[in-house]
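The structure file start21.csv is reproduced below (CSV, C-alpha atoms and all ligand atoms).
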```csv
chain,number,residue,atom,x,y,z
A,1337,MET,CA,0.0,0.0,0.0
A,1338,ASN,CA,1.1,3.5,-0.8
A,1339,THR,CA,1.7,5.2,2.6
A,1340,PRO,CA,3.1,8.6,2.1
A,1341,ASN,CA,6.0,9.6,4.4
A,1342,HIS,CA,4.0,12.5,5.8
A,1343,HIS,CA,1.1,10.3,6.7
A,1344,ILE,CA,-0.6,11.3,9.9
A,1345,TYR,CA,-2.7,8.7,11.7
A,1346,LEU,CA,-5.5,10.3,13.7
A,1347,ASP,CA,-7.9,7.4,14.1
A,1348,HIS,CA,-6.9,5.9,17.4
A,1349,SER,CA,-10.5,5.2,18.5
A,1350,ALA,CA,-10.7,2.8,15.5
A,1351,THR,CA,-7.5,1.0,16.5
A,1352,THR,CA,-3.9,1.6,17.6
A,1353,PRO,CA,-0.6,0.3,16.4
A,1354,VAL,CA,0.9,-2.4,18.6
A,1355,ASP,CA,3.6,-1.2,21.0
A,1356,PRO,CA,6.9,-2.7,20.0
A,1357,ARG,CA,7.4,-3.8,23.6
A,1358,VAL,CA,4.2,-5.7,23.3
A,1359,VAL,CA,5.3,-7.4,20.1
A,1360,GLU,CA,8.5,-8.4,21.9
A,1361,ALA,CA,6.7,-9.8,24.9
A,1362,MET,CA,4.5,-11.9,22.6
A,1363,ALA,CA,7.3,-13.2,20.5
A,1364,PRO,CA,8.1,-16.4,22.5
A,1365,TYR,CA,4.5,-17.5,22.4
A,1366,TRP,CA,4.2,-18.3,18.7
A,1367,ASN,CA,6.7,-21.1,18.3
A,1368,GLU,CA,8.7,-21.6,21.5
A,1369,ILE,CA,6.1,-21.7,24.2
A,1370,PHE,CA,3.3,-22.7,21.8
A,1371,ALA,CA,1.6,-25.6,23.5
A,1372,ASN,CA,-2.0,-25.9,24.5
A,1373,ASN,CA,-2.2,-24.5,28.0
A,1374,GLU,CA,-4.6,-27.3,28.9
A,1375,SER,CA,-2.0,-30.0,28.1
A,1376,ALA,CA,-0.6,-31.9,31.1
A,1377,HIS,CA,3.0,-32.0,29.7
A,1378,THR,CA,5.8,-29.6,30.4
A,1379,PHE,CA,5.2,-27.7,27.2
A,1380,GLY,CA,1.6,-27.2,28.1
A,1381,GLN,CA,2.4,-26.2,31.6
A,1382,ALA,CA,4.8,-23.5,30.4
A,1383,ALA,CA,1.9,-22.0,28.3
A,1384,ALA,CA,-0.4,-22.3,31.3
A,1385,SER,CA,2.0,-20.4,33.5
A,1386,ALA,CA,2.3,-17.6,30.9
A,1387,LEU,CA,-1.5,-17.4,30.7
A,1388,GLU,CA,-1.9,-17.2,34.4
A,1389,GLU,CA,0.9,-14.6,34.7
A,1390,ALA,CA,-0.9,-12.5,32.1
A,1391,ARG,CA,-4.2,-12.9,34.1
A,1392,GLN,CA,-2.3,-11.8,37.3
A,1393,THR,CA,-0.9,-8.7,35.6
A,1394,VAL,CA,-4.3,-7.7,34.4
A,1395,ALA,CA,-5.8,-8.3,37.9
A,1396,ASP,CA,-3.0,-6.1,39.4
A,1397,VAL,CA,-3.7,-3.3,37.0
A,1398,LEU,CA,-7.5,-3.5,37.5
A,1399,ASN,CA,-7.2,-4.1,41.3
A,1400,CYS,CA,-9.3,-7.3,41.2
A,1401,ARG,CA,-8.7,-11.0,41.5
A,1402,PRO,CA,-7.2,-13.1,38.6
A,1403,SER,CA,-10.3,-15.4,38.8
A,1404,GLU,CA,-12.4,-12.4,37.8
A,1405,ILE,CA,-10.7,-12.0,34.4
A,1406,VAL,CA,-12.0,-14.0,31.4
A,1407,PHE,CA,-10.0,-13.6,28.2
A,1408,THR,CA,-12.0,-13.4,25.1
A,1409,ALA,CA,-11.3,-13.0,21.3
A,1410,SER,CA,-12.5,-9.4,21.2
A,1411,GLY,CA,-14.2,-6.6,23.0
A,1412,THR,CA,-17.3,-7.5,21.0
A,1413,GLU,CA,-17.2,-11.1,22.4
A,1414,ALA,CA,-16.7,-9.8,25.9
A,1415,ASP,CA,-19.8,-7.6,25.6
A,1416,ASN,CA,-21.7,-10.6,24.1
A,1417,LEU,CA,-20.6,-12.8,27.0
A,1418,ALA,CA,-21.6,-10.2,29.6
A,1419,LEU,CA,-25.1,-9.5,28.2
A,1420,ARG,CA,-26.1,-12.9,27.0
A,1421,GLY,CA,-24.4,-14.6,29.9
A,1422,ALA,CA,-26.1,-12.5,32.5
A,1423,ALA,CA,-29.5,-12.4,30.7
A,1424,TRP,CA,-29.6,-16.2,30.3
A,1425,ALA,CA,-28.5,-16.8,33.9
A,1426,ALA,CA,-31.3,-14.5,35.1
A,1427,ARG,CA,-33.8,-16.3,32.8
A,1428,GLN,CA,-32.7,-19.7,34.2
A,1429,SER,CA,-33.1,-18.7,37.8
A,1430,GLY,CA,-36.4,-16.9,37.1
A,1431,ARG,CA,-35.1,-13.6,38.3
A,1432,GLY,CA,-36.5,-11.4,35.6
A,1433,ASN,CA,-36.7,-10.4,32.0
A,1434,HIS,CA,-35.8,-6.7,31.7
A,1435,ILE,CA,-32.6,-5.0,30.6
A,1436,VAL,CA,-31.8,-1.3,30.8
A,1437,THR,CA,-29.3,0.2,28.3
A,1438,THR,CA,-28.8,3.4,26.3
A,1439,THR,CA,-29.5,4.7,22.8
A,1440,ILE,CA,-25.8,5.2,22.0
A,1441,GLU,CA,-24.2,1.9,22.7
A,1442,HIS,CA,-21.7,0.3,20.3
A,1443,HIS,CA,-23.3,-2.4,18.1
A,1444,ALA,CA,-21.6,-5.0,20.2
A,1445,VAL,CA,-24.1,-4.1,22.9
A,1446,GLY,CA,-26.9,-2.6,20.9
A,1447,HIS,CA,-27.3,-5.5,18.5
A,1448,THR,CA,-26.9,-8.0,21.3
A,1449,THR,CA,-29.7,-6.5,23.2
A,1450,ASP,CA,-31.8,-6.4,20.0
A,1451,GLN,CA,-31.2,-10.1,19.6
A,1452,LEU,CA,-32.1,-10.8,23.3
A,1453,ARG,CA,-35.4,-9.0,22.6
A,1454,ALA,CA,-36.2,-10.6,19.2
A,1455,LEU,CA,-35.2,-14.2,19.9
A,1456,PHE,CA,-35.3,-14.5,23.7
A,1457,ASP,CA,-38.2,-12.3,24.6
A,1458,PHE,CA,-36.3,-9.9,26.9
A,1459,GLU,CA,-37.7,-6.5,27.3
A,1460,ILE,CA,-35.2,-3.7,26.6
A,1461,THR,CA,-35.4,-0.1,27.8
A,1462,ARG,CA,-33.1,2.3,26.1
A,1463,VAL,CA,-32.4,5.3,28.3
A,1464,PRO,CA,-32.0,8.5,26.1
A,1465,VAL,CA,-29.0,10.9,26.1
A,1466,ASP,CA,-28.9,14.6,26.1
A,1467,GLU,CA,-27.5,16.7,23.2
A,1468,ARG,CA,-24.0,16.2,24.6
A,1469,GLY,CA,-24.4,12.4,24.7
A,1470,ARG,CA,-24.8,12.1,28.5
A,1471,VAL,CA,-27.1,9.7,30.2
A,1472,ALA,CA,-28.9,11.1,33.3
A,1473,PRO,CA,-28.5,8.8,36.3
A,1474,ASP,CA,-32.1,9.6,37.3
A,1475,ASP,CA,-33.3,8.2,34.0
A,1476,VAL,CA,-31.5,5.0,34.7
A,1477,ALA,CA,-33.0,4.9,38.2
A,1478,ALA,CA,-36.5,5.5,36.7
A,1479,ALA,CA,-36.1,2.7,34.1
A,1480,ILE,CA,-35.1,0.0,36.7
A,1481,ARG,CA,-38.1,-2.2,37.5
A,1482,PRO,CA,-38.5,-5.1,39.9
A,1483,ASP,CA,-37.8,-7.5,37.0
A,1484,THR,CA,-34.7,-5.7,35.8
A,1485,VAL,CA,-31.7,-8.0,35.7
A,1486,LEU,CA,-29.0,-5.9,34.1
A,1487,VAL,CA,-28.0,-2.3,33.3
A,1488,SER,CA,-25.5,-1.8,30.5
A,1489,VAL,CA,-24.0,1.7,30.0
A,1490,MET,CA,-20.9,2.3,28.0
A,1491,MET,CA,-18.2,4.1,29.9
A,1492,ALA,CA,-17.2,6.4,27.0
A,1493,ASN,CA,-18.7,6.7,23.6
A,1494,ASN,CA,-16.6,5.8,20.6
A,1495,GLU,CA,-18.1,8.3,18.2
A,1496,VAL,CA,-18.4,11.5,20.3
A,1497,GLY,CA,-16.1,10.7,23.2
A,1498,THR,CA,-18.6,11.5,26.0
A,1499,VAL,CA,-17.8,9.9,29.3
A,1500,GLN,CA,-20.8,8.7,31.4
A,1501,PRO,CA,-21.5,9.4,35.1
A,1502,MET,CA,-20.4,5.9,36.0
A,1503,VAL,CA,-20.1,6.3,39.7
A,1504,LYS,CA,-23.6,7.6,40.1
A,1505,ILE,CA,-25.1,4.9,37.8
A,1506,GLY,CA,-23.1,2.2,39.5
A,1507,ARG,CA,-24.4,3.3,42.9
A,1508,ILE,CA,-28.0,3.2,41.7
A,1509,CYS,CA,-27.5,-0.3,40.3
A,1510,ARG,CA,-25.9,-1.5,43.6
A,1511,GLU,CA,-28.7,0.0,45.7
A,1512,ARG,CA,-31.3,-1.6,43.5
A,1513,GLY,CA,-29.5,-5.0,43.4
A,1514,VAL,CA,-29.1,-5.0,39.6
A,1515,LEU,CA,-26.0,-6.1,37.8
A,1516,PHE,CA,-24.1,-3.3,36.1
A,1517,HIS,CA,-22.2,-3.9,32.9
A,1518,THR,CA,-20.0,-1.4,31.1
A,1519,ASP,CA,-18.4,-1.5,27.7
A,1520,ALA,CA,-15.1,0.2,28.6
A,1521,VAL,CA,-13.4,-0.5,25.3
A,1522,GLN,CA,-12.8,3.1,24.5
A,1523,ALA,CA,-11.8,4.0,28.1
A,1524,ALA,CA,-8.9,1.7,28.8
A,1525,GLY,CA,-5.6,3.6,28.9
A,1526,ARG,CA,-7.5,6.9,28.8
A,1527,LEU,CA,-9.6,6.9,32.0
A,1528,PRO,CA,-9.1,5.3,35.4
A,1529,LEU,CA,-10.8,2.0,35.5
A,1530,GLU,CA,-11.9,1.9,39.2
A,1531,LEU,CA,-14.1,-1.2,39.4
A,1532,ASP,CA,-15.1,-0.8,43.0
A,1533,ASN,CA,-15.7,3.0,42.9
A,1534,MET,CA,-17.9,2.5,39.8
A,1535,ASN,CA,-19.6,-0.6,41.3
A,1536,VAL,CA,-19.1,-2.4,38.0
A,1537,ASP,CA,-20.0,-6.1,37.9
A,1538,LEU,CA,-19.0,-6.7,34.3
A,1539,MET,CA,-16.6,-4.7,32.2
A,1540,ALA,CA,-15.4,-5.4,28.6
A,1541,LEU,CA,-12.0,-4.3,27.3
A,1542,SER,CA,-10.3,-4.8,23.9
A,1543,ALA,CA,-6.5,-4.9,23.5
A,1544,HIS,CA,-6.2,-3.3,20.1
A,1545,LYS,CA,-7.6,0.0,21.5
A,1546,PHE,CA,-4.6,0.4,23.9
A,1547,TYR,CA,-1.6,-0.5,21.7
A,1548,GLY,CA,-2.2,-4.3,22.1
A,1549,PRO,CA,-2.9,-6.9,19.4
A,1550,LYS,CA,-6.2,-7.3,17.6
A,1551,GLY,CA,-8.4,-10.3,18.3
A,1552,VAL,CA,-8.1,-10.4,22.1
A,1553,GLY,CA,-10.2,-8.8,24.8
A,1554,LEU,CA,-11.4,-9.5,28.3
A,1555,LEU,CA,-14.4,-9.5,30.4
A,1556,TYR,CA,-14.1,-8.6,34.1
A,1557,VAL,CA,-16.7,-10.6,36.0
A,1558,ARG,CA,-17.1,-9.7,39.6
A,1559,ARG,CA,-16.9,-12.7,42.0
A,1560,ASN,CA,-20.2,-14.5,42.6
A,1561,THR,CA,-21.7,-13.2,39.3
A,1562,THR,CA,-23.2,-16.1,37.4
A,1563,LEU,CA,-22.9,-16.2,33.6
A,1564,ILE,CA,-24.1,-18.8,31.2
A,1565,PRO,CA,-21.4,-19.0,28.5
A,1566,ALA,CA,-22.4,-17.3,25.3
A,1567,ILE,CA,-20.7,-20.0,23.2
A,1568,THR,CA,-20.5,-23.6,24.2
A,1569,GLY,CA,-17.5,-26.0,24.1
A,1570,GLY,CA,-14.8,-27.0,26.5
A,1571,GLY,CA,-14.1,-25.9,30.0
A,1572,HIS,CA,-11.6,-23.1,29.3
A,1573,GLU,CA,-11.5,-19.9,31.3
A,1574,ARG,CA,-13.3,-21.7,34.2
A,1575,GLY,CA,-16.1,-22.8,31.8
A,1576,ARG,CA,-17.0,-19.2,30.9
A,1577,ARG,CA,-15.3,-18.9,27.5
A,1578,PRO,CA,-14.6,-22.2,25.7
A,1579,GLY,CA,-12.0,-22.4,23.0
A,1580,THR,CA,-8.2,-23.0,23.1
A,1581,SER,CA,-6.6,-20.1,24.8
A,1582,ASN,CA,-4.8,-17.4,22.8
A,1583,VAL,CA,-1.7,-17.3,25.1
A,1584,ALA,CA,0.3,-14.9,22.9
A,1585,GLY,CA,-2.8,-12.6,22.8
A,1586,ALA,CA,-3.3,-12.7,26.5
A,1587,VAL,CA,0.4,-11.9,27.1
A,1588,GLY,CA,0.1,-9.0,24.6
A,1589,LEU,CA,-3.1,-7.7,26.2
A,1590,ALA,CA,-1.6,-7.8,29.7
A,1591,THR,CA,1.7,-6.2,28.6
A,1592,ALA,CA,-0.2,-3.5,26.7
A,1593,LEU,CA,-2.6,-2.8,29.6
A,1594,GLN,CA,0.3,-2.5,32.1
A,1595,LEU,CA,2.3,-0.1,29.8
A,1596,VAL,CA,-0.7,2.1,29.0
A,1597,GLU,CA,-1.7,2.3,32.6
A,1598,ASP,CA,1.8,3.2,33.7
A,1599,GLY,CA,1.9,6.1,31.3
A,1600,ARG,CA,-1.7,7.0,31.5
A,1601,VAL,CA,-1.6,10.1,33.7
A,1602,ALA,CA,1.2,11.9,31.8
A,1603,GLU,CA,-0.2,10.9,28.4
A,1604,THR,CA,-3.7,12.0,29.3
A,1605,ILE,CA,-2.4,15.5,30.1
A,1606,ARG,CA,-0.4,15.7,26.9
A,1607,LEU,CA,-3.3,14.4,24.7
A,1608,ARG,CA,-5.9,16.6,26.4
A,1609,ARG,CA,-3.8,19.7,25.5
A,1610,LEU,CA,-3.4,18.7,21.9
A,1611,ARG,CA,-7.1,17.8,21.7
A,1612,ASP,CA,-8.1,21.2,23.0
A,1613,GLN,CA,-5.8,23.0,20.6
A,1614,LEU,CA,-7.5,21.0,17.8
A,1615,ILE,CA,-11.0,21.7,19.0
A,1616,LYS,CA,-10.3,25.4,19.4
A,1617,GLY,CA,-8.5,25.7,16.1
A,1618,ILE,CA,-11.2,23.9,14.1
A,1619,LEU,CA,-14.2,25.8,15.7
A,1620,ASN,CA,-12.4,29.1,15.1
A,1621,ALA,CA,-11.4,28.4,11.5
A,1622,ILE,CA,-14.5,26.7,10.2
A,1623,PRO,CA,-17.8,28.6,10.1
A,1624,GLU,CA,-20.9,26.5,10.9
A,1625,SER,CA,-18.9,23.9,12.8
A,1626,ARG,CA,-19.7,22.5,16.2
A,1627,LEU,CA,-18.1,20.1,18.6
A,1628,THR,CA,-20.1,16.9,19.1
A,1629,GLY,CA,-20.2,15.2,22.5
A,1630,HIS,CA,-19.4,16.8,25.9
A,1631,PRO,CA,-17.0,19.8,25.8
A,1632,THR,CA,-15.1,18.7,28.9
A,1633,THR,CA,-16.3,15.3,30.2
A,1634,ARG,CA,-14.9,13.5,27.2
A,1635,LEU,CA,-12.1,11.1,26.3
A,1636,PRO,CA,-8.7,13.0,26.5
A,1637,HIS,CA,-7.7,12.0,22.9
A,1638,HIS,CA,-11.0,12.5,21.3
A,1639,ALA,CA,-12.2,15.4,19.2
A,1640,SER,CA,-15.4,15.1,17.1
A,1641,PHE,CA,-17.2,17.6,15.1
A,1642,ALA,CA,-20.2,18.3,12.9
A,1643,PHE,CA,-19.9,20.6,9.9
A,1644,CYS,CA,-23.2,21.8,8.5
A,1645,GLY,CA,-23.8,21.2,4.8
A,1646,VAL,CA,-21.0,18.9,4.0
A,1647,GLU,CA,-20.7,15.1,3.9
A,1648,GLY,CA,-18.3,13.7,6.5
A,1649,GLU,CA,-17.3,10.8,4.2
A,1650,SER,CA,-16.1,13.4,1.6
A,1651,VAL,CA,-14.1,15.2,4.2
A,1652,VAL,CA,-12.5,11.9,5.3
A,1653,LEU,CA,-11.5,11.1,1.7
A,1654,ASP,CA,-10.1,14.5,1.0
A,1655,LEU,CA,-8.1,14.5,4.2
A,1656,ASP,CA,-6.8,11.0,3.2
A,1657,LEU,CA,-5.5,12.6,-0.1
A,1658,GLU,CA,-3.5,14.9,2.1
A,1659,GLY,CA,-2.2,11.9,4.1
A,1660,ILE,CA,-4.3,12.4,7.1
A,1661,ALA,CA,-6.4,9.4,8.5
A,1662,VAL,CA,-9.6,10.3,10.4
A,1663,SER,CA,-13.1,8.9,10.4
A,1664,SER,CA,-16.7,9.9,10.1
A,1665,GLY,CA,-19.7,8.4,11.8
A,1666,ALA,CA,-21.9,9.2,8.8
A,1667,ALA,CA,-22.4,6.5,6.3
A,1668,CYS,CA,-23.5,6.5,2.7
A,1669,ALA,CA,-26.6,4.4,2.2
A,1670,GLU,CA,-27.8,4.0,-1.4
A,1671,GLY,CA,-26.0,7.2,-2.5
A,1672,GLU,CA,-27.5,9.3,0.4
A,1673,ALA,CA,-25.5,10.3,3.3
A,1674,GLU,CA,-27.1,9.4,6.6
A,1675,PRO,CA,-26.1,10.6,10.1
A,1676,SER,CA,-25.1,8.0,12.6
A,1677,PHE,CA,-27.6,6.6,15.1
A,1678,VAL,CA,-25.5,8.2,17.9
A,1679,LEU,CA,-25.8,11.7,16.6
A,1680,THR,CA,-29.5,11.1,15.8
A,1681,ALA,CA,-30.0,10.0,19.4
A,1682,MET,CA,-28.4,13.2,20.6
A,1683,GLY,CA,-30.8,15.2,18.6
A,1684,ILE,CA,-28.2,16.6,16.1
A,1685,PRO,CA,-30.1,17.8,13.0
A,1686,ARG,CA,-29.6,15.8,9.9
A,1687,ASP,CA,-27.7,18.6,7.9
A,1688,TRP,CA,-25.2,18.6,10.7
A,1689,GLY,CA,-25.1,14.9,11.4
A,1690,ILE,CA,-24.1,13.9,7.9
A,1691,GLY,CA,-21.1,16.2,8.3
A,1692,SER,CA,-19.5,14.4,11.2
A,1693,LEU,CA,-15.8,14.0,11.7
A,1694,ARG,CA,-13.8,12.1,14.4
A,1695,ILE,CA,-10.2,12.9,15.1
A,1696,THR,CA,-8.6,10.7,17.7
A,1697,LEU,CA,-5.1,11.3,18.8
A,1698,GLY,CA,-2.4,8.8,20.0
A,1699,ARG,CA,1.1,8.4,21.2
A,1700,ALA,CA,2.8,9.3,18.0
A,1701,ASN,CA,0.9,12.6,17.5
A,1702,ASP,CA,2.3,16.0,18.4
A,1703,GLU,CA,1.7,19.6,17.8
A,1704,SER,CA,2.9,19.5,14.2
A,1705,ASP,CA,0.0,17.0,13.4
A,1706,VAL,CA,-2.5,19.4,14.9
A,1707,ALA,CA,-1.0,22.3,12.9
A,1708,ARG,CA,-1.3,20.2,9.7
A,1709,VAL,CA,-5.0,19.4,10.3
A,1710,LEU,CA,-5.6,23.1,11.0
A,1711,GLU,CA,-3.9,24.0,7.7
A,1712,VAL,CA,-5.7,21.6,5.4
A,1713,LEU,CA,-9.1,21.0,6.9
A,1714,PRO,CA,-10.7,24.4,6.6
A,1715,PRO,CA,-10.1,24.8,2.9
A,1716,ILE,CA,-11.4,21.2,2.3
A,1717,VAL,CA,-14.7,22.0,4.1
A,1718,GLU,CA,-14.9,25.3,2.2
A,1719,ARG,CA,-14.4,23.6,-1.1
A,1720,LEU,CA,-16.9,20.9,-0.4
A,1721,ARG,CA,-19.5,23.4,0.8
A,1722,ALA,CA,-19.0,25.4,-2.4
A,1723,ARG,CA,-19.8,22.3,-4.4
A,1724,GLY,CA,-22.7,21.0,-2.3
A,1725,ARG,CA,-26.1,21.9,-1.1
A,1726,MET,CA,-26.7,24.7,1.4
A,1727,CYS,CA,-27.4,24.1,5.0
A,1728,SER,CA,-31.2,24.1,5.9
A,1729,ARG,CA,-31.6,25.0,9.5
B,1,LIG,C1,-17.2,1.2,22.4
B,1,LIG,C2,-16.7,-0.1,21.7
B,1,LIG,N1,-17.2,-1.3,22.1
B,1,LIG,C3,-16.8,-2.4,21.5
B,1,LIG,C4,-16.0,-2.4,20.4
B,1,LIG,C5,-15.6,-3.7,19.8
B,1,LIG,O1,-14.3,-4.1,20.1
B,1,LIG,P1,-13.6,-5.2,19.2
B,1,LIG,O2,-13.1,-4.5,18.0
B,1,LIG,O3,-12.4,-5.7,20.0
B,1,LIG,O4,-14.6,-6.3,18.9
B,1,LIG,C6,-15.5,-1.2,19.9
B,1,LIG,C7,-14.6,-1.1,18.8
B,1,LIG,O5,-14.7,-0.2,18.0
B,1,LIG,C8,-15.9,0.0,20.6
B,1,LIG,O6,-15.4,1.2,20.2
```
Do you think you could lay out the structure here as structure tokens?
Amino acid sequence: MNTPNHHIYLDHSATTPVDPRVVEAMAPYWNEIFANNESAHTFGQAAASALEEARQTVADVLNCRPSEIVFTASGTEADNLALRGAAWAARQSGRGNHIVTTTIEHHAVGHTTDQLRALFDFEITRVPVDERGRVAPDDVAAAIRPDTVLVSVMMANNEVGTVQPMVKIGRICRERGVLFHTDAVQAAGRLPLELDNMNVDLMALSAHKFYGPKGVGLLYVRRNTTLIPAITGGGHERGRRPGTSNVAGAVGLATALQLVEDGRVAETIRLRRLRDQLIKGILNAIPESRLTGHPTTRLPHHASFAFCGVEGESVVLDLDLEGIAVSSGAACAEGEAEPSFVLTAMGIPRDWGIGSLRITLGRANDESDVARVLEVLPPIVERLRARGRMCSR
């Protein structure tokens, strides 16, 4: 692929490059310590030790017990295990039939709750968000019923970066005796993951969002939480996630999590400064532009915008021609641009919603990257506007 030298990657909420120290930590587990960790022989035991060491590292970072960590093959799978596992366990014990979630969850949660409703007769209440993408804890409290078995609220939104009031929601769930699941895939390495403070019972993470490998995630499962496995097979991961363990992946996830957590505070300060420069610069330079998501209670690396009267996908493609990689939540369906369900749920008008742009910073970015975006983005938006329709507000 033709990657220009000046290429600037600003799409870290989509995925991150693997930290070279993580690659190095994983290296022995492809063809030296390669055995099945379930095997009784010495080769197998070496793999089993590595897996349990990785689990211990994760537990130390998250301040929980190793037995509360279930390795999965992705963040999506971790969310599926949490939701289906908790819902089916509640069904089996006759505890109830109702799940509370939000209107802005990632599809890993949204489509799983859709399926629980369509195929398994669960009732789903989706709590709305305000125009900044925030859920009101009072709305969660009002949605909980005697037959509610699970509340699922993402810690931070992938598209608009808004961080939810986790401590308050967690307290409500604990007081009402309802399990609390959070999709923290976007939060790891960017926010403190205080399981006890947030009263979280189930939390999904994905290694590739924090400089680890793709295809490995984890679900934190608070002790004494019963889950029915979402997939069936052998007894791996204490019977909660069958399938031969990805030892290299688990080592990679654990190493990445440790590294990202060690550097989190300093990196957060650095990225927040760059993010705020970017936000200020773009809002100043581009007329009819607005920040989407919360202005302050947002992920430190995350800047997202709506530009009235342009198509976000066109902006993404034009920026790509300039060697800058970003993303848009808007998608083209049958030739027509459509705003994302997240912006729609936030009440952003269509003319603005189709012009969405997400810029997510990472370790390799610095002020020169922000300056380059500020140099090339305003003329791109101006050019596209001159070609396109006018904004109808
Ligand atoms: C909020 C959120 N949840 C879940 C996922 C899915 O994670 P994975 O790519 O590991 O399946 C993503 C990935 O984009 C995400 O942003």
**OP:** Would you mind reading off the distance between atom CA of Gly1411 of chain A and atom CA of Thr1632 of chain A, one decimal, in Å?
**Re:**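 Taking atom CA of Gly1411 of chain A and atom CA of Thr1632 of chain A, their separation equals 26.0 Å.
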Subject >> Which of A:Ile1369, A:Ala1454, A:Lys1504, A:Arg1600 sits closest to Ala1472 of chain A [using all atoms listed in the file] >> reply: A:Lys1504
For the interface of chain A with ligand LIG 1 (chain B) (cut-off 8 Å, counting only C-alpha atoms and all ligand atoms), please tabulate each contacting residue of chain A alongside its nearest pair of atoms and their separation in Å to one decimal, rows sorted by chain and increasing number, as a Markdown table.
```
| residue | atom | partner | partner_atom | distance |
| --- | --- | --- | --- | --- |
| A:Ser1349 | CA | B:LIG1 | O6 | 6.5 |
| A:Ala1350 | CA | B:LIG1 | O5 | 5.6 |
| A:Thr1351 | CA | B:LIG1 | O5 | 7.5 |
| A:Ala1409 | CA | B:LIG1 | O3 | 7.5 |
| A:Ser1410 | CA | B:LIG1 | O3 | 3.9 |
| A:Gly1411 | CA | B:LIG1 | O3 | 3.6 |
| A:Thr1412 | CA | B:LIG1 | O4 | 3.6 |
| A:Glu1413 | CA | B:LIG1 | O4 | 6.5 |
| A:Asp1415 | CA | B:LIG1 | C3 | 7.3 |
| A:Glu1441 | CA | B:LIG1 | C1 | 7.0 |
| A:His1442 | CA | B:LIG1 | C1 | 5.0 |
| A:His1443 | CA | B:LIG1 | C3 | 7.3 |
| A:Ala1444 | CA | B:LIG1 | C3 | 5.6 |
| A:Val1445 | CA | B:LIG1 | N1 | 7.5 |
| A:Met1490 | CA | B:LIG1 | C1 | 6.8 |
| A:Ala1492 | CA | B:LIG1 | C1 | 6.9 |
| A:Asn1493 | CA | B:LIG1 | C1 | 5.8 |
| A:Asn1494 | CA | B:LIG1 | O6 | 4.8 |
| A:Glu1495 | CA | B:LIG1 | O6 | 7.9 |
| A:Asp1519 | CA | B:LIG1 | N1 | 5.7 |
| A:Ala1520 | CA | B:LIG1 | C1 | 6.6 |
| A:Val1521 | CA | B:LIG1 | C2 | 4.9 |
| A:Gln1522 | CA | B:LIG1 | C1 | 5.2 |
| A:Ala1540 | CA | B:LIG1 | C3 | 7.8 |
| A:Leu1541 | CA | B:LIG1 | O3 | 7.4 |
| A:Ser1542 | CA | B:LIG1 | O3 | 4.5 |
| A:Ala1543 | CA | B:LIG1 | O3 | 6.9 |
| A:His1544 | CA | B:LIG1 | O3 | 6.6 |
| A:Lys1545 | CA | B:LIG1 | C7 | 7.6 |
| A:Lys1550 | CA | B:LIG1 | O3 | 6.8 |
| A:Gly1551 | CA | B:LIG1 | O3 | 6.3 |
| A:Val1552 | CA | B:LIG1 | O3 | 6.7 |
| A:Gly1553 | CA | B:LIG1 | O3 | 6.1 |
```
Once you have the residues from the selection above, write them out as a JSON list (two decimals), keeping the file's coordinate frame, restricted to C-alpha atoms.
```json
[["chain", "number", "residue", "atom", "x", "y", "z"],
["A", 1349, "SER", "CA", -10.50, 5.20, 18.50],
["A", 1350, "ALA", "CA", -10.70, 2.80, 15.50],
["A", 1351, "THR", "CA", -7.50, 1.00, 16.50],
["A", 1409, "ALA", "CA", -11.30, -13.00, 21.30],
["A", 1410, "SER", "CA", -12.50, -9.40, 21.20],
["A", 1411, "GLY", "CA", -14.20, -6.60, 23.00],
["A", 1412, "THR", "CA", -17.30, -7.50, 21.00],
["A", 1413, "GLU", "CA", -17.20, -11.10, 22.40],
["A", 1415, "ASP", "CA", -19.80, -7.60, 25.60],
["A", 1441, "GLU", "CA", -24.20, 1.90, 22.70],
["A", 1442, "HIS", "CA", -21.70, 0.30, 20.30],
["A", 1443, "HIS", "CA", -23.30, -2.40, 18.10],
["A", 1444, "ALA", "CA", -21.60, -5.00, 20.20],
["A", 1445, "VAL", "CA", -24.10, -4.10, 22.90],
["A", 1490, "MET", "CA", -20.90, 2.30, 28.00],
["A", 1492, "ALA", "CA", -17.20, 6.40, 27.00],
["A", 1493, "ASN", "CA", -18.70, 6.70, 23.60],
["A", 1494, "ASN", "CA", -16.60, 5.80, 20.60],
["A", 1495, "GLU", "CA", -18.10, 8.30, 18.20],
["A", 1519, "ASP", "CA", -18.40, -1.50, 27.70],
["A", 1520, "ALA", "CA", -15.10, 0.20, 28.60],
["A", 1521, "VAL", "CA", -13.40, -0.50, 25.30],
["A", 1522, "GLN", "CA", -12.80, 3.10, 24.50],
["A", 1540, "ALA", "CA", -15.40, -5.40, 28.60],
["A", 1541, "LEU", "CA", -12.00, -4.30, 27.30],
["A", 1542, "SER", "CA", -10.30, -4.80, 23.90],
["A", 1543, "ALA", "CA", -6.50, -4.90, 23.50],
["A", 1544, "HIS", "CA", -6.20, -3.30, 20.10],
["A", 1545, "LYS", "CA", -7.60, 0.00, 21.50],
["A", 1550, "LYS", "CA", -6.20, -7.30, 17.60],
["A", 1551, "GLY", "CA", -8.40, -10.30, 18.30],
["A", 1552, "VAL", "CA", -8.10, -10.40, 22.10],
["A", 1553, "GLY", "CA", -10.20, -8.80, 24.80]]
```
**OP:** Taking (-22.8, 17.8, 31.7) in the file's own coordinates, collect the residues within 10 Å, counting all atoms listed in the file, and hand them back as an NGL selection string.
**Re:** :A and (1466-1472 or 1498-1501 or 1629-1633)
